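With PDB, C-alpha atoms and all ligand atoms inside, this is final21.pdb:
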```pdb
ATOM      1  CA  MET A  37     -13.948 -56.045 -54.914  1.00  0.00           C
ATOM      2  CA  ALA A  38     -16.286 -53.921 -52.813  1.00  0.00           C
ATOM      3  CA  ARG A  39     -16.528 -50.212 -52.165  1.00  0.00           C
ATOM      4  CA  LEU A  40     -17.969 -48.935 -48.928  1.00  0.00           C
ATOM      5  CA  THR A  41     -17.584 -46.094 -46.490  1.00  0.00           C
ATOM      6  CA  VAL A  42     -15.840 -46.966 -43.257  1.00  0.00           C
ATOM      7  CA  ASN A  43     -15.666 -44.366 -40.512  1.00  0.00           C
ATOM      8  CA  ASN A  44     -16.547 -41.646 -43.033  1.00  0.00           C
ATOM      9  CA  GLN A  45     -13.759 -42.722 -45.342  1.00  0.00           C
ATOM     10  CA  ALA A  46     -14.306 -44.286 -48.781  1.00  0.00           C
ATOM     11  CA  MET A  47     -12.625 -47.699 -48.911  1.00  0.00           C
ATOM     12  CA  GLU A  48     -12.165 -50.251 -51.650  1.00  0.00           C
ATOM     13  CA  PHE A  49     -11.555 -53.854 -50.652  1.00  0.00           C
ATOM     14  CA  ARG A  50      -9.995 -56.167 -53.220  1.00  0.00           C
ATOM     15  CA  LEU A  51     -11.318 -59.295 -51.565  1.00  0.00           C
ATOM     16  CA  GLU A  52     -13.857 -61.949 -52.472  1.00  0.00           C
ATOM     17  CA  PRO A  53     -17.417 -60.669 -51.999  1.00  0.00           C
ATOM     18  CA  ASP A  54     -18.212 -63.509 -49.589  1.00  0.00           C
ATOM     19  CA  THR A  55     -15.418 -62.407 -47.225  1.00  0.00           C
ATOM     20  CA  PRO A  56     -16.984 -61.581 -43.867  1.00  0.00           C
ATOM     21  CA  LEU A  57     -16.903 -57.829 -43.253  1.00  0.00           C
ATOM     22  CA  LEU A  58     -15.189 -58.586 -39.931  1.00  0.00           C
ATOM     23  CA  TRP A  59     -12.072 -59.905 -41.641  1.00  0.00           C
ATOM     24  CA  ALA A  60     -12.038 -57.111 -44.195  1.00  0.00           C
ATOM     25  CA  LEU A  61     -12.072 -54.580 -41.370  1.00  0.00           C
ATOM     26  CA  ARG A  62      -9.533 -56.362 -39.191  1.00  0.00           C
ATOM     27  CA  ASP A  63      -7.104 -57.794 -41.727  1.00  0.00           C
ATOM     28  CA  ALA A  64      -7.345 -55.420 -44.677  1.00  0.00           C
ATOM     29  CA  ALA A  65      -8.217 -52.111 -42.995  1.00  0.00           C
ATOM     30  CA  ASN A  66      -6.316 -52.805 -39.747  1.00  0.00           C
ATOM     31  CA  LEU A  67      -9.360 -51.828 -37.694  1.00  0.00           C
ATOM     32  CA  THR A  68      -8.754 -54.397 -34.987  1.00  0.00           C
ATOM     33  CA  GLY A  69     -11.080 -52.892 -32.398  1.00  0.00           C
ATOM     34  CA  THR A  70     -13.830 -55.059 -33.859  1.00  0.00           C
ATOM     35  CA  LYS A  71     -13.387 -58.476 -32.262  1.00  0.00           C
ATOM     36  CA  TYR A  72     -13.962 -62.062 -33.311  1.00  0.00           C
ATOM     37  CA  GLY A  73     -15.874 -64.145 -30.803  1.00  0.00           C
ATOM     38  CA  CYS A  74     -18.266 -66.805 -32.076  1.00  0.00           C
ATOM     39  CA  GLY A  75     -18.272 -66.138 -35.801  1.00  0.00           C
ATOM     40  CA  THR A  76     -21.957 -67.070 -35.979  1.00  0.00           C
ATOM     41  CA  GLY A  77     -23.723 -63.815 -35.122  1.00  0.00           C
ATOM     42  CA  GLU A  78     -24.441 -64.759 -31.522  1.00  0.00           C
ATOM     43  CA  CYS A  79     -22.001 -63.004 -29.194  1.00  0.00           C
ATOM     44  CA  GLY A  80     -21.915 -59.398 -30.409  1.00  0.00           C
ATOM     45  CA  ALA A  81     -18.138 -58.974 -30.104  1.00  0.00           C
ATOM     46  CA  CYS A  82     -17.925 -58.029 -33.792  1.00  0.00           C
ATOM     47  CA  MET A  83     -20.740 -55.457 -33.828  1.00  0.00           C
ATOM     48  CA  VAL A  84     -20.426 -52.506 -36.163  1.00  0.00           C
ATOM     49  CA  ILE A  85     -22.973 -49.886 -37.185  1.00  0.00           C
ATOM     50  CA  VAL A  86     -24.155 -50.309 -40.775  1.00  0.00           C
ATOM     51  CA  ASP A  87     -26.375 -47.519 -42.090  1.00  0.00           C
ATOM     52  CA  GLY A  88     -27.347 -46.683 -38.510  1.00  0.00           C
ATOM     53  CA  GLN A  89     -28.071 -50.253 -37.424  1.00  0.00           C
ATOM     54  CA  ALA A  90     -25.826 -52.293 -35.123  1.00  0.00           C
ATOM     55  CA  MET A  91     -25.120 -55.662 -36.668  1.00  0.00           C
ATOM     56  CA  PRO A  92     -22.579 -58.453 -36.418  1.00  0.00           C
ATOM     57  CA  SER A  93     -19.814 -58.072 -38.972  1.00  0.00           C
ATOM     58  CA  CYS A  94     -18.958 -61.787 -38.855  1.00  0.00           C
ATOM     59  CA  THR A  95     -22.141 -62.777 -40.682  1.00  0.00           C
ATOM     60  CA  LEU A  96     -22.313 -59.810 -43.065  1.00  0.00           C
ATOM     61  CA  SER A  97     -20.351 -60.333 -46.234  1.00  0.00           C
ATOM     62  CA  LEU A  98     -18.322 -57.702 -47.953  1.00  0.00           C
ATOM     63  CA  GLY A  99     -20.669 -57.998 -50.922  1.00  0.00           C
ATOM     64  CA  GLU A 100     -23.660 -57.295 -48.688  1.00  0.00           C
ATOM     65  CA  ALA A 101     -21.848 -54.278 -47.231  1.00  0.00           C
ATOM     66  CA  GLU A 102     -21.138 -52.830 -50.680  1.00  0.00           C
ATOM     67  CA  GLY A 103     -22.125 -49.150 -50.865  1.00  0.00           C
ATOM     68  CA  ARG A 104     -23.092 -48.932 -47.219  1.00  0.00           C
ATOM     69  CA  ALA A 105     -21.763 -46.733 -44.400  1.00  0.00           C
ATOM     70  CA  VAL A 106     -19.973 -48.648 -41.673  1.00  0.00           C
ATOM     71  CA  THR A 107     -18.873 -47.290 -38.311  1.00  0.00           C
ATOM     72  CA  THR A 108     -16.460 -49.271 -36.187  1.00  0.00           C
ATOM     73  CA  ILE A 109     -15.412 -48.601 -32.622  1.00  0.00           C
ATOM     74  CA  GLU A 110     -12.456 -46.612 -33.989  1.00  0.00           C
ATOM     75  CA  GLY A 111     -14.821 -44.264 -35.804  1.00  0.00           C
ATOM     76  CA  LEU A 112     -17.284 -43.711 -32.991  1.00  0.00           C
ATOM     77  CA  SER A 113     -15.306 -40.835 -31.488  1.00  0.00           C
ATOM     78  CA  THR A 114     -11.876 -39.372 -32.027  1.00  0.00           C
ATOM     79  CA  ASP A 115     -11.072 -39.093 -28.320  1.00  0.00           C
ATOM     80  CA  ARG A 116     -12.880 -42.099 -26.781  1.00  0.00           C
ATOM     81  CA  GLY A 117     -15.336 -39.527 -25.475  1.00  0.00           C
ATOM     82  CA  HIS A 118     -18.635 -40.796 -26.870  1.00  0.00           C
ATOM     83  CA  PRO A 119     -21.256 -40.533 -24.095  1.00  0.00           C
ATOM     84  CA  VAL A 120     -21.484 -44.341 -24.002  1.00  0.00           C
ATOM     85  CA  GLN A 121     -17.744 -44.608 -23.425  1.00  0.00           C
ATOM     86  CA  GLN A 122     -17.886 -41.967 -20.695  1.00  0.00           C
ATOM     87  CA  ALA A 123     -20.782 -43.653 -18.938  1.00  0.00           C
ATOM     88  CA  LEU A 124     -19.337 -47.179 -19.162  1.00  0.00           C
ATOM     89  CA  VAL A 125     -16.200 -45.978 -17.414  1.00  0.00           C
ATOM     90  CA  ALA A 126     -18.162 -44.013 -14.822  1.00  0.00           C
ATOM     91  CA  GLU A 127     -20.415 -46.966 -14.001  1.00  0.00           C
ATOM     92  CA  GLN A 128     -17.492 -49.425 -14.023  1.00  0.00           C
ATOM     93  CA  ALA A 129     -19.446 -51.482 -16.498  1.00  0.00           C
ATOM     94  CA  ILE A 130     -16.519 -52.737 -18.552  1.00  0.00           C
ATOM     95  CA  GLN A 131     -14.639 -55.838 -17.609  1.00  0.00           C
ATOM     96  CA  CYS A 132     -12.590 -57.983 -19.980  1.00  0.00           C
ATOM     97  CA  GLY A 133     -12.352 -55.462 -22.784  1.00  0.00           C
ATOM     98  CA  PHE A 134     -12.819 -58.023 -25.524  1.00  0.00           C
ATOM     99  CA  CYS A 135     -16.597 -57.709 -25.638  1.00  0.00           C
ATOM    100  CA  THR A 136     -16.559 -54.003 -24.854  1.00  0.00           C
ATOM    101  CA  PRO A 137     -16.254 -52.585 -28.400  1.00  0.00           C
ATOM    102  CA  GLY A 138     -19.316 -54.537 -29.504  1.00  0.00           C
ATOM    103  CA  ILE A 139     -21.241 -53.451 -26.431  1.00  0.00           C
ATOM    104  CA  VAL A 140     -20.315 -49.802 -27.016  1.00  0.00           C
ATOM    105  CA  ILE A 141     -21.384 -50.055 -30.657  1.00  0.00           C
ATOM    106  CA  ALA A 142     -24.743 -51.638 -29.771  1.00  0.00           C
ATOM    107  CA  ALA A 143     -25.387 -49.010 -27.103  1.00  0.00           C
ATOM    108  CA  ALA A 144     -24.398 -46.113 -29.366  1.00  0.00           C
ATOM    109  CA  ALA A 145     -26.706 -47.347 -32.128  1.00  0.00           C
ATOM    110  CA  LEU A 146     -29.545 -47.669 -29.627  1.00  0.00           C
ATOM    111  CA  LEU A 147     -29.072 -44.124 -28.314  1.00  0.00           C
ATOM    112  CA  ALA A 148     -28.867 -42.726 -31.838  1.00  0.00           C
ATOM    113  CA  ARG A 149     -32.433 -43.885 -32.481  1.00  0.00           C
ATOM    114  CA  ASN A 150     -33.767 -43.708 -28.912  1.00  0.00           C
ATOM    115  CA  ALA A 151     -32.118 -41.105 -26.709  1.00  0.00           C
ATOM    116  CA  ASN A 152     -34.085 -42.108 -23.611  1.00  0.00           C
ATOM    117  CA  PRO A 153     -34.278 -45.914 -23.561  1.00  0.00           C
ATOM    118  CA  THR A 154     -36.066 -47.884 -20.859  1.00  0.00           C
ATOM    119  CA  GLU A 155     -34.436 -50.868 -19.156  1.00  0.00           C
ATOM    120  CA  ALA A 156     -36.414 -53.098 -21.517  1.00  0.00           C
ATOM    121  CA  ASP A 157     -35.184 -51.138 -24.530  1.00  0.00           C
ATOM    122  CA  VAL A 158     -31.579 -51.623 -23.377  1.00  0.00           C
ATOM    123  CA  ALA A 159     -32.126 -55.337 -22.760  1.00  0.00           C
ATOM    124  CA  THR A 160     -33.584 -55.744 -26.242  1.00  0.00           C
ATOM    125  CA  ALA A 161     -30.776 -53.822 -27.949  1.00  0.00           C
ATOM    126  CA  LEU A 162     -27.811 -55.175 -25.968  1.00  0.00           C
ATOM    127  CA  THR A 163     -27.899 -58.861 -26.729  1.00  0.00           C
ATOM    128  CA  ASN A 164     -24.110 -59.026 -26.474  1.00  0.00           C
ATOM    129  CA  ILE A 165     -22.885 -62.037 -24.535  1.00  0.00           C
ATOM    130  CA  CYS A 166     -20.840 -61.133 -21.459  1.00  0.00           C
ATOM    131  CA  ARG A 167     -19.886 -63.623 -18.778  1.00  0.00           C
ATOM    132  CA  CYS A 168     -19.116 -60.935 -16.202  1.00  0.00           C
ATOM    133  CA  GLY A 169     -22.649 -60.374 -14.953  1.00  0.00           C
ATOM    134  CA  VAL A 170     -22.409 -56.618 -15.464  1.00  0.00           C
ATOM    135  CA  HIS A 171     -25.669 -56.229 -17.364  1.00  0.00           C
ATOM    136  CA  PRO A 172     -27.290 -54.198 -14.548  1.00  0.00           C
ATOM    137  CA  ARG A 173     -24.325 -51.806 -14.703  1.00  0.00           C
ATOM    138  CA  LEU A 174     -24.511 -51.772 -18.483  1.00  0.00           C
ATOM    139  CA  THR A 175     -28.149 -50.766 -18.312  1.00  0.00           C
ATOM    140  CA  ARG A 176     -27.343 -47.964 -15.872  1.00  0.00           C
ATOM    141  CA  ALA A 177     -24.471 -46.857 -18.088  1.00  0.00           C
ATOM    142  CA  VAL A 178     -26.546 -46.732 -21.258  1.00  0.00           C
ATOM    143  CA  GLN A 179     -29.265 -44.733 -19.540  1.00  0.00           C
ATOM    144  CA  ARG A 180     -26.596 -42.415 -18.084  1.00  0.00           C
ATOM    145  CA  ALA A 181     -25.093 -42.015 -21.535  1.00  0.00           C
ATOM    146  CA  GLY A 182     -28.518 -40.956 -22.735  1.00  0.00           C
ATOM    147  CA  ARG A 183     -28.692 -38.291 -20.016  1.00  0.00           C
ATOM    148  CA  ILE A 184     -25.195 -37.068 -20.940  1.00  0.00           C
ATOM    149  CA  ALA A 185     -26.118 -36.946 -24.626  1.00  0.00           C
ATOM    150  CA  ARG A 186     -29.326 -35.059 -23.829  1.00  0.00           C
ATOM    151  CA  GLY A 187     -27.380 -32.519 -21.742  1.00  0.00           C
ATOM    152  CA  GLU A 188     -29.209 -33.469 -18.534  1.00  0.00           C
ATOM    153  CA  GLU A 189     -26.021 -34.610 -16.830  1.00  0.00           C
ATOM    154  CA  PRO A 190     -22.415 -33.461 -17.178  1.00  0.00           C
ATOM    155  CA  GLY A 191     -19.978 -35.620 -19.083  1.00  0.00           C
ATOM    156  CA  VAL A 192     -17.386 -37.723 -17.322  1.00  0.00           C
ATOM    157  CA  PRO A 193     -13.686 -36.843 -17.760  1.00  0.00           C
ATOM    158  CA  LEU A 194     -11.899 -39.889 -19.098  1.00  0.00           C
ATOM    159  CA  PRO A 195      -8.566 -41.076 -17.730  1.00  0.00           C
ATOM    160  CA  ALA A 196      -5.497 -40.424 -19.864  1.00  0.00           C
ATOM    161  CA  PRO A 197      -4.658 -43.205 -22.322  1.00  0.00           C
ATOM    162  CA  GLN A 198      -2.248 -45.747 -20.888  1.00  0.00           C
ATOM    163  CA  THR A 199       0.972 -46.487 -22.724  1.00  0.00           C
ATOM    164  CA  ALA A 200       3.052 -49.603 -22.384  1.00  0.00           C
ATOM    165  CA  THR A 201       6.329 -49.020 -20.561  1.00  0.00           C
ATOM    166  CA  THR A 202       7.722 -52.506 -20.982  1.00  0.00           C
ATOM    167  CA  PRO A 203       9.368 -53.169 -24.365  1.00  0.00           C
ATOM    168  CA  GLY A 204       7.360 -55.633 -26.379  1.00  0.00           C
ATOM    169  CA  LEU A 205       3.994 -54.986 -24.713  1.00  0.00           C
TER     170      LEU A 205
HETATM  171  S1  LIG B   1     -18.100 -62.890 -33.617  1.00  0.00           S
HETATM  172 FE1  LIG B   1     -19.768 -62.000 -34.623  1.00  0.00          FE
HETATM  173  S2  LIG B   1     -21.439 -62.246 -33.284  1.00  0.00           S
HETATM  174 FE2  LIG B   1     -19.816 -63.326 -32.338  1.00  0.00          FE
HETATM  175  S1  LIG B   2     -16.943 -57.698 -20.721  1.00  0.00           S
HETATM  176 FE1  LIG B   2     -16.075 -59.422 -21.739  1.00  0.00          FE
HETATM  177  S2  LIG B   2     -16.977 -61.164 -20.829  1.00  0.00           S
HETATM  178 FE2  LIG B   2     -17.851 -59.482 -19.863  1.00  0.00          FE
END
```

Let me see the file written as C-alpha cells.
Amino acid sequence: MARLTVNNQAMEFRLEPDTPLLWALRDAANLTGTKYGCGTGECGACMVIVDGQAMPSCTLSLGEAEGRAVTTIEGLSTDRGHPVQQALVAEQAIQCGFCTPGIVIAAAALLARNANPTEADVATALTNICRCGVHPRLTRAVQRAGRIARGEEPGVPLPAPQTATTPGL
C-alpha cells in the first residue's frame, strides 16, 4: 500500500510497493494520459512531475513515490490551457499524440523552474524520443510558452474539444 498525492488529491494505492507508478496511475487511478512506451526510462512517454521534477513513471516504483506529490497530464490544467499546451498547438509541434503528454510534462516542469529557457536548456530538458523530427518546433513552442507564461505574449485560444460522432469510437 502507498499513499501519495496525485493531481492535488490524496490517493491510497493497495498495490505492491514495487509496482511501477505508471501502472498505478493508468490501471488503478484511470489516469491514462500517461503513456507506456519503452518501460525502461528512455522514451519519456510516461513522464510525470514528482515534487516539481519531471521523471519517468515506468521506472519509479509506487514505494518510491510514497508521500510525494505527483502531477500527471490530467492535472496540469483543467481546460488544456497550460501555456505549453497553447504553444504546442500554435507552433504545430504535436504529431502522433502518444508522446505528447510526456513532452508537455517535461516542458511544463522546465518552465516551472526556468521561465526563460535557452535552446540548450530545452534540449537538455526535453529528452523525450519523438520520431517526427519536430524538435525545432518543440523548442520554439517551449520558448513561446515561456513568453505566454511571463505575460510577454498573448495566449492562444484552443480549439474546442472534439467528440466522437461514430458509435464505438
Ligand atoms: S515508458 Fe517510461 S520512459 Fe519510456
Ligand atoms: S509526437 Fe509521437 S513520435 Fe513524434

If we count only C-alpha atoms, what is near Ala60 in chain A at a cut-off of 10 Å, once residues fewer than 5 positions away on the same chain are taken out, given as a ChimeraX atom specification? /A:49-52,55,65-67,93-94,97-98

Protein and nucleic acid residues within 8 Å of ligand LIG 2 (chain B) (all atoms listed in the file) as a VMD selection string: chain A and resid 129 to 136 165 to 170

Where's the centre, and what are the edge lengths in Å to one decimal, of a box along x, y and z enclosing all listed atoms of range 63-82 of chain A padded 6 Å per side, as lines of an AutoDock Vina configuration file?
```
center_x = -15.4
center_y = -59.4
center_z = -36.9
size_x = 30.1
size_y = 27.2
size_z = 27.5
```

Neighbouring residues of ligand LIG 1 (chain B) are defined here as those with any atom at most 9 Å from a ligand atom, counting all atoms listed in the file; list them as a compact mmCIF listing (two decimals) with C-alpha atoms, in the frame of the given file.
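The new file result.txt reads:
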```
# COMPACT_ATOMS: atom_id res chain seq x y z
CA LEU A 58 -15.19 -58.59 -39.93
CA THR A 70 -13.83 -55.06 -33.86
CA LYS A 71 -13.39 -58.48 -32.26
CA TYR A 72 -13.96 -62.06 -33.31
CA GLY A 73 -15.87 -64.14 -30.80
CA CYS A 74 -18.27 -66.81 -32.08
CA GLY A 75 -18.27 -66.14 -35.80
CA THR A 76 -21.96 -67.07 -35.98
CA GLY A 77 -23.72 -63.82 -35.12
CA GLU A 78 -24.44 -64.76 -31.52
CA CYS A 79 -22.00 -63.00 -29.19
CA GLY A 80 -21.92 -59.40 -30.41
CA ALA A 81 -18.14 -58.97 -30.10
CA CYS A 82 -17.92 -58.03 -33.79
CA MET A 83 -20.74 -55.46 -33.83
CA MET A 91 -25.12 -55.66 -36.67
CA PRO A 92 -22.58 -58.45 -36.42
CA SER A 93 -19.81 -58.07 -38.97
CA CYS A 94 -18.96 -61.79 -38.85
CA THR A 95 -22.14 -62.78 -40.68
CA GLY A 138 -19.32 -54.54 -29.50
CA ASN A 164 -24.11 -59.03 -26.47
CA ILE A 165 -22.88 -62.04 -24.54
```

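If only C-alpha atoms are the atoms counted, then among A:Thr175, A:Thr163, A:Thr41, A:Asn152 the closest residue to Gly187 in chain A is A:Asn152.
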
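Here the PyMOL selection byres (((chain A and resi 119) around 7) and not hetatm) catches exactly these residues: Gly117, His118, Val120, Gln121, Gln122, Ala123, Ala181, Ile184 and Ala185 of chain A.
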
Evaluate the PyMOL selection byres (((chain A and resi 142) around 9) and not hetatm) and report residues as a list of chain:residue names: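 Selection result, ordered by chain and number: A:Gly80, A:Met83, A:Val84, A:Ile85, A:Gln89, A:Ala90, A:Met91, A:Pro137, A:Gly138, A:Ile139, A:Val140, A:Ile141, A:Ala143, A:Ala144, A:Ala145, A:Leu146, A:Leu147, A:Ala161, A:Leu162, A:Thr163, A:Asn164.
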
Among the residues A:Val86, A:Leu194, A:Ala159, A:Leu57, the one that comes closest to Thr107 in chain A [using all atoms listed in the file]: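 Checking each of A:Val86, A:Leu194, A:Ala159, A:Leu57 against Thr107 in chain A, counting all atoms listed in the file, the winner is A:Val86.
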
Nearest-residue call for Val42 in chain A, choices A:Val178, A:Leu61, A:Val158, A:Val106, using all atoms listed in the file: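 Nearest candidate to Val42 in chain A out of A:Val178, A:Leu61, A:Val158, A:Val106: A:Val106.
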